[in-house]
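Chemist: Coordinates in coords01.txt, compact mmCIF, C-alpha atoms, are listed below.
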```txt
# COMPACT_ATOMS: atom_id res chain seq x y z
CA MET E 1 0.00 0.00 0.00
CA LEU E 2 2.95 2.31 0.52
CA ALA E 3 3.56 2.22 -3.22
CA LEU E 4 0.30 4.10 -3.74
CA ALA E 5 1.66 7.10 -1.86
CA CYS E 6 4.89 7.09 -3.83
CA GLY E 7 3.43 7.07 -7.32
CA GLY E 8 3.94 10.82 -7.83
CA LEU E 9 7.43 11.10 -6.37
CA LEU E 10 9.58 10.27 -9.37
CA PRO E 11 10.38 13.35 -11.48
CA ARG E 12 9.12 13.89 -14.98
CA PRO E 13 11.66 14.21 -17.82
CA VAL E 14 13.09 17.71 -17.87
CA ASN E 15 12.16 18.22 -21.53
CA ALA E 16 8.43 17.52 -20.91
CA GLN E 17 7.48 21.01 -19.79
CA GLU E 18 3.94 21.78 -18.71
CA ARG E 19 2.68 25.02 -17.23
CA GLY E 20 -0.17 25.83 -14.91
CA ILE E 21 -1.82 24.70 -11.69
CA TYR E 22 -3.40 21.25 -11.77
CA LEU E 23 -5.76 19.31 -9.51
CA ASP E 24 -5.71 15.50 -9.76
CA VAL E 25 -8.42 13.40 -8.11
CA SER E 26 -8.35 9.61 -8.43
CA TYR E 27 -9.83 6.39 -7.11
CA GLN E 28 -7.56 3.35 -6.88
CA ARG E 29 -8.11 -0.33 -6.18
CA SER E 30 -5.02 -2.17 -4.96
CA GLN E 31 -4.39 -5.92 -4.69
CA PRO E 32 -1.26 -6.93 -2.72
CA PRO E 33 0.79 -9.96 -3.85
CA ALA E 34 0.12 -13.36 -2.32
CA ASP E 35 3.21 -13.31 -0.11
CA VAL E 36 2.25 -9.99 1.57
CA GLN E 37 -0.09 -10.19 4.56
CA ALA E 38 -2.49 -7.40 3.61
CA GLU E 39 -6.06 -7.03 2.44
CA PRO E 40 -7.04 -5.49 -0.90
CA GLY E 41 -7.62 -1.77 -0.52
CA ASN E 42 -9.64 1.07 -1.99
CA TYR E 43 -8.09 4.52 -1.95
CA LEU E 44 -9.12 8.07 -2.76
CA SER E 45 -6.39 10.63 -3.35
CA GLY E 46 -6.06 14.23 -4.40
CA ALA E 47 -3.03 16.25 -5.47
CA VAL E 48 -2.31 19.84 -6.44
CA SER E 49 0.73 20.59 -8.58
CA VAL E 50 2.23 23.83 -9.84
CA ARG E 51 4.32 23.54 -13.00
CA GLY E 52 6.30 26.10 -14.91
CA GLY E 53 9.25 26.42 -17.22
CA SER E 54 10.52 27.15 -20.68
CA PRO E 55 12.16 25.04 -23.40
CA ARG E 56 15.30 25.03 -21.21
CA LEU E 57 14.08 25.25 -17.61
CA TYR E 58 11.49 23.25 -15.73
CA GLY E 59 10.09 23.25 -12.23
CA GLN E 60 7.25 21.54 -10.41
CA ALA E 61 5.95 21.47 -6.83
CA ARG E 62 3.36 18.92 -5.72
CA GLY E 63 1.32 18.21 -2.61
CA ALA E 64 -0.91 15.16 -2.21
CA LEU E 65 -3.22 13.58 0.36
CA GLY E 66 -4.53 10.02 0.31
CA LEU E 67 -7.24 8.24 2.27
CA GLY E 68 -7.96 4.55 2.50
CA LEU E 69 -11.69 3.78 2.33
CA GLY E 70 -12.74 1.54 5.19
CA SER E 71 -12.20 1.25 8.94
CA GLY E 72 -8.57 1.20 10.00
CA SER E 73 -7.41 2.15 6.52
CA PRO E 74 -4.16 4.11 6.19
CA ARG E 75 -3.72 7.76 5.30
CA TRP E 76 -0.72 9.51 3.80
CA GLY E 77 0.56 12.91 2.81
CA GLU E 78 3.33 13.88 0.42
CA LEU E 79 5.26 17.00 -0.60
CA SER E 80 7.61 16.78 -3.56
CA GLY E 81 9.29 18.90 -6.18
CA VAL E 82 11.52 18.69 -9.22
CA GLY E 83 13.57 21.26 -11.06
CA GLY E 84 16.00 21.08 -13.93
CA ALA E 85 17.90 22.84 -16.66
CA GLU E 86 18.93 21.74 -20.14
CA PHE E 87 21.91 23.05 -22.11
CA ARG E 88 22.07 22.46 -25.86
CA ALA E 89 25.50 21.90 -27.43
CA SER E 90 24.14 21.49 -30.97
CA GLN E 91 20.89 20.86 -32.81
CA GLY E 92 20.64 17.21 -31.70
CA LEU E 93 22.84 17.11 -28.58
CA ALA E 94 21.84 18.36 -25.14
CA ALA E 95 22.90 17.88 -21.53
CA GLY E 96 21.36 18.91 -18.25
CA LEU E 97 20.78 18.39 -14.58
CA ALA E 98 17.62 17.77 -12.51
CA VAL E 99 17.07 17.70 -8.74
CA ALA E 100 14.04 16.29 -6.89
CA PRO E 101 13.39 16.39 -3.12
CA PHE E 102 10.36 14.84 -1.41
CA LEU E 103 8.83 14.37 2.04
CA LEU E 104 6.40 11.53 2.73
CA ALA E 105 4.27 10.75 5.81
CA TYR E 106 2.31 7.51 5.90
CA ALA E 107 -0.15 7.13 8.81
CA GLY E 108 -0.64 3.38 8.72
CA SER E 109 -0.13 0.77 11.38
CA ASP E 110 3.59 1.54 11.59
CA GLY E 111 3.56 5.34 11.08
CA TYR E 112 6.04 5.27 8.20
CA ARG E 113 7.87 8.54 7.38
CA ALA E 114 10.51 9.26 4.80
CA TRP E 115 12.38 12.11 3.17
CA ALA E 116 14.89 12.01 0.33
CA ALA E 117 16.49 14.07 -2.42
CA MET E 118 17.73 13.07 -5.85
CA ILE E 119 20.22 14.52 -8.32
CA GLN E 120 20.05 13.45 -11.97
CA PRO E 121 22.57 14.44 -14.68
CA PHE E 122 21.65 13.48 -18.26
CA VAL E 123 22.77 13.65 -21.89
CA SER E 124 20.37 13.28 -24.83
CA VAL E 125 20.93 12.79 -28.57
CA THR E 126 18.25 13.02 -31.28
CA THR E 127 18.61 12.62 -35.04
CA GLY E 128 16.43 11.41 -37.88
CA GLY E 129 13.48 10.34 -35.73
CA ILE E 130 15.71 8.38 -33.33
CA GLY E 131 16.61 9.49 -29.82
CA ALA E 132 18.72 8.30 -26.90
CA LEU E 133 18.96 9.47 -23.29
CA LEU E 134 21.74 8.53 -20.86
CA HIS E 135 21.16 9.55 -17.27
CA GLY E 136 22.14 8.68 -13.72
CA ARG E 137 20.30 9.19 -10.44
CA ALA E 138 21.62 9.34 -6.89
CA TRP E 139 19.12 9.23 -4.01
CA TYR E 140 19.90 10.03 -0.39
CA GLY E 141 17.46 10.27 2.51
CA ARG E 142 16.16 8.70 5.68
CA SER E 143 13.04 6.79 6.78
CA SER E 144 11.58 5.74 10.11
CA PHE E 145 8.71 3.61 11.40
CA GLU E 146 7.23 2.69 14.76
CA LEU E 147 8.22 -0.57 16.41
CA PRO E 148 5.38 -2.51 18.04
CA ALA E 149 4.87 -2.16 21.79
CA ALA E 150 6.61 -4.83 23.88
CA ARG E 151 5.53 -6.56 27.12
CA THR E 152 8.05 -6.58 29.96
CA GLY E 153 8.00 -7.62 33.61
CA PHE E 154 6.88 -4.08 34.44
CA GLY E 155 3.95 -4.08 31.99
CA GLU E 156 3.65 -2.93 28.38
CA SER E 157 6.21 -0.46 27.08
CA SER E 158 5.47 1.95 24.26
CA GLY E 159 7.05 1.26 20.90
CA SER E 160 10.08 3.18 19.74
CA ARG E 161 10.99 4.29 16.21
CA ALA E 162 13.48 2.50 14.02
CA GLU E 163 15.40 4.52 11.40
CA ARG E 164 17.40 3.63 8.33
CA ASP E 165 19.31 5.51 5.63
CA LEU E 166 17.92 5.66 2.11
CA ARG E 167 20.70 5.43 -0.45
CA LEU E 168 20.30 4.32 -4.05
CA THR E 169 22.38 4.88 -7.18
CA GLU E 170 21.00 4.21 -10.66
CA ALA E 171 22.05 4.58 -14.29
CA SER E 172 19.99 3.92 -17.41
CA LEU E 173 20.12 4.24 -21.18
CA ASP E 174 16.86 4.91 -23.05
CA ALA E 175 16.42 4.72 -26.83
CA TRP E 176 13.32 5.42 -28.90
CA ARG E 177 12.07 5.91 -32.43
CA TYR E 178 9.07 7.71 -33.89
CA ALA E 179 7.37 4.85 -35.78
CA GLY E 180 4.94 6.69 -38.03
CA SER E 181 2.97 9.83 -37.40
CA SER E 182 1.40 8.84 -34.06
CA ILE E 183 3.45 6.02 -32.51
CA THR E 184 6.68 6.00 -30.52
CA ILE E 185 8.47 2.80 -29.51
CA GLY E 186 11.34 2.60 -27.03
CA ALA E 187 13.43 0.45 -24.72
CA ALA E 188 15.73 1.08 -21.79
CA GLY E 189 18.32 -0.83 -19.84
CA GLU E 190 19.20 0.17 -16.29
CA ILE E 191 21.37 -0.82 -13.35
CA ALA E 192 20.84 0.10 -9.69
CA PHE E 193 23.14 -0.26 -6.68
CA LEU E 194 21.52 -0.67 -3.26
CA ASP E 195 24.03 -1.28 -0.44
CA SER E 196 26.24 -4.02 -1.90
CA ASP E 197 23.52 -5.49 -4.16
CA ARG E 198 23.28 -4.94 -7.90
CA HIS E 199 19.91 -4.87 -9.68
CA TRP E 200 19.49 -5.11 -13.47
CA GLY E 201 16.38 -3.83 -15.21
CA LEU E 202 14.79 -3.65 -18.67
CA ARG E 203 11.87 -1.53 -19.86
CA THR E 204 10.07 -1.45 -23.19
CA TRP E 205 7.22 0.86 -24.12
CA LEU E 206 4.82 1.78 -26.89
CA ARG E 207 3.13 5.20 -26.94
CA GLY E 208 0.30 6.04 -29.33
CA GLN E 209 -1.94 9.00 -30.06
CA PRO E 210 -5.05 7.64 -31.83
CA SER E 211 -6.49 11.17 -31.98
CA ASN E 212 -5.58 14.69 -30.91
CA ARG E 213 -7.54 14.15 -27.67
CA THR E 214 -6.43 10.59 -26.81
CA GLU E 215 -3.08 9.25 -25.62
CA MET E 216 -2.22 5.66 -24.67
CA THR E 217 0.96 4.08 -23.31
CA GLY E 218 1.91 0.47 -22.65
CA SER E 219 5.11 -0.59 -20.89
CA LEU E 220 6.66 -3.91 -19.84
CA LEU E 221 9.05 -3.99 -16.85
CA PHE E 222 11.64 -6.58 -15.84
CA ARG E 223 14.18 -6.64 -13.03
CA LYS E 224 16.73 -9.21 -11.89
CA SER E 225 17.94 -8.82 -8.29
CA PRO E 226 20.14 -11.04 -6.10
CA ALA E 227 17.10 -12.29 -4.17
CA ARG E 228 14.40 -12.35 -6.87
CA THR E 229 13.39 -11.82 -10.47
CA GLU E 230 10.33 -9.62 -11.09
CA ALA E 231 8.15 -8.65 -14.02
CA GLY E 232 5.48 -5.98 -14.26
CA PHE E 233 3.57 -3.77 -16.64
CA LEU E 234 1.97 -0.35 -16.92
CA ILE E 235 -0.96 0.65 -19.16
CA THR E 236 -2.22 4.23 -19.15
CA ALA E 237 -4.83 6.08 -21.17
CA SER E 238 -6.06 9.67 -21.14
CA TYR E 239 -8.79 11.53 -22.97
CA GLU E 240 -9.16 15.30 -23.18
CA LEU E 241 -12.77 16.09 -22.29
CA ASP E 242 -12.03 19.82 -22.46
CA PRO E 243 -8.86 21.91 -22.93
CA ASN E 244 -8.68 22.14 -19.12
CA LEU E 245 -10.12 18.74 -18.13
CA ARG E 246 -8.63 15.31 -18.80
CA LEU E 247 -9.92 11.81 -17.93
CA GLN E 248 -7.12 9.40 -16.94
CA ALA E 249 -6.96 5.65 -16.24
CA ALA E 250 -4.13 3.25 -15.40
CA VAL E 251 -3.60 -0.45 -14.73
CA THR E 252 -0.24 -1.48 -13.32
CA ARG E 253 1.75 -4.28 -11.78
CA THR E 254 4.59 -2.51 -9.99
CA LEU E 255 8.04 -3.81 -9.17
CA THR E 256 9.43 -3.69 -5.64
CA ASP E 257 10.42 -0.11 -4.78
CA LEU E 258 14.17 -0.33 -4.16
CA LEU E 259 14.37 2.99 -2.33
CA LEU E 260 11.34 2.73 -0.02
CA GLU E 261 11.06 -1.09 0.03
CA ALA E 262 7.38 -1.05 -0.99
CA PRO E 263 6.35 -4.54 -2.25
CA GLN E 264 4.90 -5.40 -5.64
CA THR E 265 1.28 -4.36 -6.09
CA PHE E 266 -1.41 -4.83 -8.72
CA SER E 267 -3.68 -1.81 -8.97
CA ALA E 268 -6.19 -0.08 -11.22
CA ALA E 269 -7.02 3.62 -11.04
CA VAL E 270 -9.30 6.15 -12.69
CA GLY E 271 -9.31 9.89 -12.16
CA LEU E 272 -9.69 13.41 -13.47
CA GLN E 273 -7.06 16.12 -14.00
CA LEU E 274 -8.37 19.68 -13.88
CA ARG E 275 -6.22 22.61 -14.94
CA LEU E 276 -7.07 25.25 -12.36
CA ALA E 277 -4.99 28.10 -13.73
CA PRO E 278 -3.96 28.03 -17.40
CA ARG E 279 -0.93 30.13 -18.13
CA SER E 280 -2.02 33.67 -18.97
CA ALA E 281 -0.72 35.09 -22.19
CA SER E 282 2.03 37.66 -21.86
CA ALA E 283 2.08 40.98 -23.66
CA PRO E 284 2.78 40.55 -27.38
CA LEU E 285 6.49 40.41 -28.12
CA ILE E 286 5.89 41.57 -31.68
CA ALA E 287 2.92 42.84 -33.65
CA TYR E 288 0.80 40.19 -35.35
CA VAL E 289 2.43 39.21 -38.64
CA SER E 290 1.77 36.64 -41.32
CA PRO E 291 3.54 33.35 -40.51
CA PRO E 292 6.47 32.17 -42.64
CA ALA E 293 5.54 30.43 -45.88
CA LEU E 294 6.23 26.98 -44.43
CA VAL E 295 3.78 27.52 -41.58
CA GLU E 296 0.15 28.01 -42.57
CA LEU E 297 -2.30 28.96 -39.81
CA GLY E 298 -5.90 28.18 -40.57
CA ALA E 299 -8.52 30.93 -40.60
CA LEU E 300 -9.81 31.94 -37.19
CA GLU E 301 -13.52 31.47 -36.66
CA THR E 302 -15.90 33.26 -34.32
CA SER E 303 -17.11 30.90 -31.60
CA ALA E 304 -19.15 31.11 -28.41
CA ARG E 305 -16.26 29.40 -26.62
CA PRO E 306 -13.26 31.50 -25.51
CA GLU E 307 -10.89 29.41 -27.68
CA ARG E 308 -10.24 29.90 -31.38
CA PRO E 309 -9.57 27.01 -33.81
CA VAL E 310 -6.03 27.30 -35.23
CA ARG E 311 -4.61 24.93 -37.84
CA PHE E 312 -0.84 24.44 -38.00
CA SER E 313 0.71 23.20 -41.25
CA LEU E 314 4.31 22.42 -42.13
CA ARG E 315 5.57 21.19 -45.50
CA ALA E 316 8.53 18.94 -44.81
CA GLN E 317 10.01 15.72 -46.18
CA ALA E 318 10.14 13.78 -42.91
CA ASP E 319 9.13 10.55 -41.20
CA SER E 320 7.56 12.39 -38.25
CA VAL E 321 6.73 15.97 -37.27
CA LEU E 322 5.74 17.02 -33.76
CA LEU E 323 4.36 20.37 -32.59
CA MET E 324 5.04 21.88 -29.16
CA GLY E 325 4.36 25.23 -27.57
CA ASP E 326 2.88 27.11 -24.63
CA PHE E 327 -0.57 25.81 -25.55
CA THR E 328 0.60 22.16 -25.22
CA GLY E 329 2.61 22.78 -22.03
CA TRP E 330 5.68 22.14 -24.26
CA ALA E 331 4.63 18.50 -24.53
CA PRO E 332 5.13 17.23 -28.13
CA ARG E 333 1.93 16.61 -30.11
CA VAL E 334 1.95 14.39 -33.18
CA MET E 335 1.09 16.09 -36.48
CA ARG E 336 -0.65 14.11 -39.22
CA ARG E 337 0.42 13.90 -42.85
CA ASP E 338 -1.94 15.53 -45.36
CA ALA E 339 -1.45 15.14 -49.11
CA GLU E 340 -2.38 18.79 -49.82
CA ARG E 341 -1.11 20.69 -46.76
CA GLY E 342 1.81 18.51 -45.62
CA TRP E 343 1.86 17.93 -41.86
CA THR E 344 -1.16 19.40 -40.07
CA LEU E 345 -2.65 19.65 -36.59
CA GLU E 346 -5.54 21.72 -35.24
CA PHE E 347 -5.97 23.17 -31.75
CA ARG E 348 -8.51 25.36 -29.99
CA ILE E 349 -6.43 28.08 -28.32
CA PRO E 350 -7.57 31.01 -26.14
CA PRO E 351 -6.69 34.51 -27.40
CA GLY E 352 -3.18 35.56 -26.43
CA THR E 353 0.47 35.37 -27.43
CA TYR E 354 2.33 32.06 -27.52
CA TRP E 355 5.65 30.48 -28.43
CA PHE E 356 5.86 27.28 -30.48
CA ALA E 357 8.25 25.15 -32.54
CA PHE E 358 8.44 21.85 -34.43
CA LEU E 359 10.37 18.61 -33.95
CA VAL E 360 11.18 17.25 -37.41
CA ASP E 361 12.47 13.67 -37.18
CA GLY E 362 13.50 14.48 -33.61
CA ASP E 363 15.35 17.73 -34.43
CA TRP E 364 14.21 21.17 -33.28
CA TYR E 365 13.07 23.14 -36.33
CA VAL E 366 11.84 26.72 -36.76
CA PRO E 367 11.43 28.18 -40.27
CA GLU E 368 13.16 31.50 -40.78
CA GLY E 369 10.89 34.54 -40.90
CA PRO E 370 9.79 37.66 -39.04
CA ALA E 371 7.85 35.59 -36.47
CA ALA E 372 10.95 33.61 -35.43
CA VAL E 373 12.70 34.96 -32.32
CA ALA E 374 15.49 33.77 -30.01
CA ASP E 375 14.33 32.18 -26.75
CA GLY E 376 17.47 33.19 -24.82
CA TRP E 377 18.72 29.59 -24.53
CA GLY E 378 20.37 29.07 -27.90
CA ARG E 379 17.23 28.20 -29.86
CA ARG E 380 14.60 30.05 -31.84
CA ASN E 381 10.83 29.83 -31.43
CA LEU E 382 7.88 31.07 -33.46
CA ILE E 383 5.45 33.64 -32.13
CA LEU E 384 1.73 32.98 -32.48
CA VAL E 385 -0.78 35.74 -31.76
CA VAL E 386 -4.40 34.56 -31.43
CA PRO E 387 -6.55 37.71 -31.54
CA GLY E 388 -9.71 38.10 -29.50
CA GLU E 389 -13.13 38.62 -31.01
```
For this file, produce the structure as structure tokens.
Modeler:
Amino acid sequence: MLALACGGLLPRPVNAQERGIYLDVSYQRSQPPADVQAEPGNYLSGAVSVRGGSPRLYGQARGALGLGLGSGSPRWGELSGVGGAEFRASQGLAAGLAVAPFLLAYAGSDGYRAWAAMIQPFVSVTTGGIGALLHGRAWYGRSSFELPAARTGFGESSGSRAERDLRLTEASLDAWRYAGSSITIGAAGEIAFLDSDRHWGLRTWLRGQPSNRTEMTGSLLFRKSPARTEAGFLITASYELDPNLRLQAAVTRTLTDLLLEAPQTFSAAVGLQLRLAPRSASAPLIAYVSPPALVELGALETSARPERPVRFSLRAQADSVLLMGDFTGWAPRVMRRDAERGWTLEFRIPPGTYWFAFLVDGDWYVPEGPAAVADGWGRRNLILVVPGE
């Protein structure tokens, strides 16, 4: 059950920027493995996260509360954060550093508490629709839990707290390829050192975007440790009900948590993510101008909704083209190939001023033109101005 409280602790990739304030509410059903003396549990949790950044910087703070449904069920609270910076040496080569502290309190039968911090250097290479990421992680922290009360000749004594250091070192190599316009496949090998033990792991994943509103991911997990060999899986799906509301579901068979020693668990969860505060548009950096010839924005239409439909088009000889910008939280969105317009994708975007760019076969690409400006971190972005009614 401890694994449920730790699901949001691991940091997101630094290059997956999202901006805004988010509320996540979820219901989860957990089934412990046969060798763990615990009953299946039902849990309700809520989390608020604040995310911000740019194409080169990223930061997130998160607070979460969880409640087990049923008498005697555990409760937990968590505070965590992650921040990072990326430095680009060339068009397809980047390096960076991320840090992630967290504090966890678990009010179960043993009153588990833990705090830890992580540092993660990384190097990434992308070219021709293929990418690779080499990164290491070093965790250091401390945990404690209550020992059961003991009976002595003088009666029952209160339990004391046992403490232990949390130290874990990991290294992994991820590789992926954009397989078509809406599918990404990847694999990763990793090694972890815990005390004097060495743990080997393998991950494979398949990520698809059947439509602009739907995303699905499937992953297989394998780990070989001195004491055991484990296998697991993770299946997630999300559907955008509204630009600020997303339905999410997940089914997972976790591996043993090496840092916190949480056992394997099978669980299914469903929840909603509400964007409480979308990023407000800043003052226009330049006057509205026609986009470069290679970028064709569709005509804006009057609508009762505050958003305007905007069509992005890019003519490029490529295996895959992705679009990212303020309006996607700098998360890449797959563009679809059109025989007449090239690569296209349509969004409904509120009036304001935004930055955006393309990933062409994994490489950052911005056509030259008056709407292309430097972002201050060695790259150029395009400016999009969506006028109001």
Chemist: If you count all atoms listed in the file, which residues fall within 12 Å of Ser320 of chain E, apart from same-chain ones fewer than 3 positions away, as a PyMOL selection string?
Modeler: chain E and resi 127-130+177-184+314-317+323+332-337+342-344+358-363
Chemist: Write out the residues from the selection above, keeping C-alpha atoms, as a PDB file, keeping the file's coordinate frame.
Modeler:
```
ATOM      1  CA  THR E 127      18.610  12.620 -35.040  1.00  0.00           C
ATOM      2  CA  GLY E 128      16.430  11.410 -37.880  1.00  0.00           C
ATOM      3  CA  GLY E 129      13.480  10.340 -35.730  1.00  0.00           C
ATOM      4  CA  ILE E 130      15.710   8.380 -33.330  1.00  0.00           C
ATOM      5  CA  ARG E 177      12.070   5.910 -32.430  1.00  0.00           C
ATOM      6  CA  TYR E 178       9.070   7.710 -33.890  1.00  0.00           C
ATOM      7  CA  ALA E 179       7.370   4.850 -35.780  1.00  0.00           C
ATOM      8  CA  GLY E 180       4.940   6.690 -38.030  1.00  0.00           C
ATOM      9  CA  SER E 181       2.970   9.830 -37.400  1.00  0.00           C
ATOM     10  CA  SER E 182       1.400   8.840 -34.060  1.00  0.00           C
ATOM     11  CA  ILE E 183       3.450   6.020 -32.510  1.00  0.00           C
ATOM     12  CA  THR E 184       6.680   6.000 -30.520  1.00  0.00           C
ATOM     13  CA  LEU E 314       4.310  22.420 -42.130  1.00  0.00           C
ATOM     14  CA  ARG E 315       5.570  21.190 -45.500  1.00  0.00           C
ATOM     15  CA  ALA E 316       8.530  18.940 -44.810  1.00  0.00           C
ATOM     16  CA  GLN E 317      10.010  15.720 -46.180  1.00  0.00           C
ATOM     17  CA  LEU E 323       4.360  20.370 -32.590  1.00  0.00           C
ATOM     18  CA  PRO E 332       5.130  17.230 -28.130  1.00  0.00           C
ATOM     19  CA  ARG E 333       1.930  16.610 -30.110  1.00  0.00           C
ATOM     20  CA  VAL E 334       1.950  14.390 -33.180  1.00  0.00           C
ATOM     21  CA  MET E 335       1.090  16.090 -36.480  1.00  0.00           C
ATOM     22  CA  ARG E 336      -0.650  14.110 -39.220  1.00  0.00           C
ATOM     23  CA  ARG E 337       0.420  13.900 -42.850  1.00  0.00           C
ATOM     24  CA  GLY E 342       1.810  18.510 -45.620  1.00  0.00           C
ATOM     25  CA  TRP E 343       1.860  17.930 -41.860  1.00  0.00           C
ATOM     26  CA  THR E 344      -1.160  19.400 -40.070  1.00  0.00           C
ATOM     27  CA  PHE E 358       8.440  21.850 -34.430  1.00  0.00           C
ATOM     28  CA  LEU E 359      10.370  18.610 -33.950  1.00  0.00           C
ATOM     29  CA  VAL E 360      11.180  17.250 -37.410  1.00  0.00           C
ATOM     30  CA  ASP E 361      12.470  13.670 -37.180  1.00  0.00           C
ATOM     31  CA  GLY E 362      13.500  14.480 -33.610  1.00  0.00           C
ATOM     32  CA  ASP E 363      15.350  17.730 -34.430  1.00  0.00           C
TER      33      ASP E 363
END
```
Chemist: So what do you get for atom CA of Ala187 of chain E versus atom CA of Leu202 of chain E, distance-wise?
Modeler: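 Between atom CA of Ala187 of chain E and atom CA of Leu202 of chain E the gap works out to 7.4 Å.
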Chemist: Can you work out which one of E:Leu274, E:Val366, E:Asn42, E:Gly20 has the shortest atom-to-atom distance to Asp326 of chain E, counting only C-alpha atoms?
Modeler: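 For Asp326 of chain E, the nearest of the given residues is E:Gly20.
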Chemist: Env of Ala268 of chain E: 8 Å cut, atoms = all atoms listed in the file, seq-sep filter 2 positions within chain, self excluded. Answer as an NGL selection string.
Modeler: :E and (28-30 or 249-252 or 266 or 270)
Chemist: Using all atoms listed in the file, which of E:Val82, E:Ala114, E:Ala100, E:Val25 sits nearest Gly66 of chain E?
Modeler: E:Val25
Chemist: Have a look at atom CA of Gly70 of chain E and atom CA of Arg161 of chain E and let me know their distance in Å, one decimal.
Modeler: 26.3 Å
Chemist: Which is closer to Ala331 of chain E than all the others in E:Leu382, E:Leu23, E:Ala357, E:Ile119, using all atoms listed in the file?
Modeler: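 Distance minimum relative to Ala331 of chain E lands on E:Ala357.
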Chemist: Please report the interatomic distance between atom CA of Gln273 of chain E and atom CA of Gln209 of chain E in Å with one decimal.
Modeler: 18.3 Å
Chemist: As an mmCIF file with C-alpha atoms, in the frame of the given file, please: the residues near Tyr43 of chain E (cut-off 6 Å, all atoms listed in the file, same-chain neighbours under 5 positions excluded).
Modeler:
```
data_model
loop_
_atom_site.group_PDB
_atom_site.id
_atom_site.type_symbol
_atom_site.label_atom_id
_atom_site.label_comp_id
_atom_site.auth_asym_id
_atom_site.auth_seq_id
_atom_site.Cartn_x
_atom_site.Cartn_y
_atom_site.Cartn_z
ATOM 1 C CA TYR E 27 -9.830 6.390 -7.110
ATOM 2 C CA GLN E 28 -7.560 3.350 -6.880
ATOM 3 C CA LEU E 67 -7.240 8.240 2.270
ATOM 4 C CA GLY E 68 -7.960 4.550 2.500
ATOM 5 C CA LEU E 69 -11.690 3.780 2.330
#
```
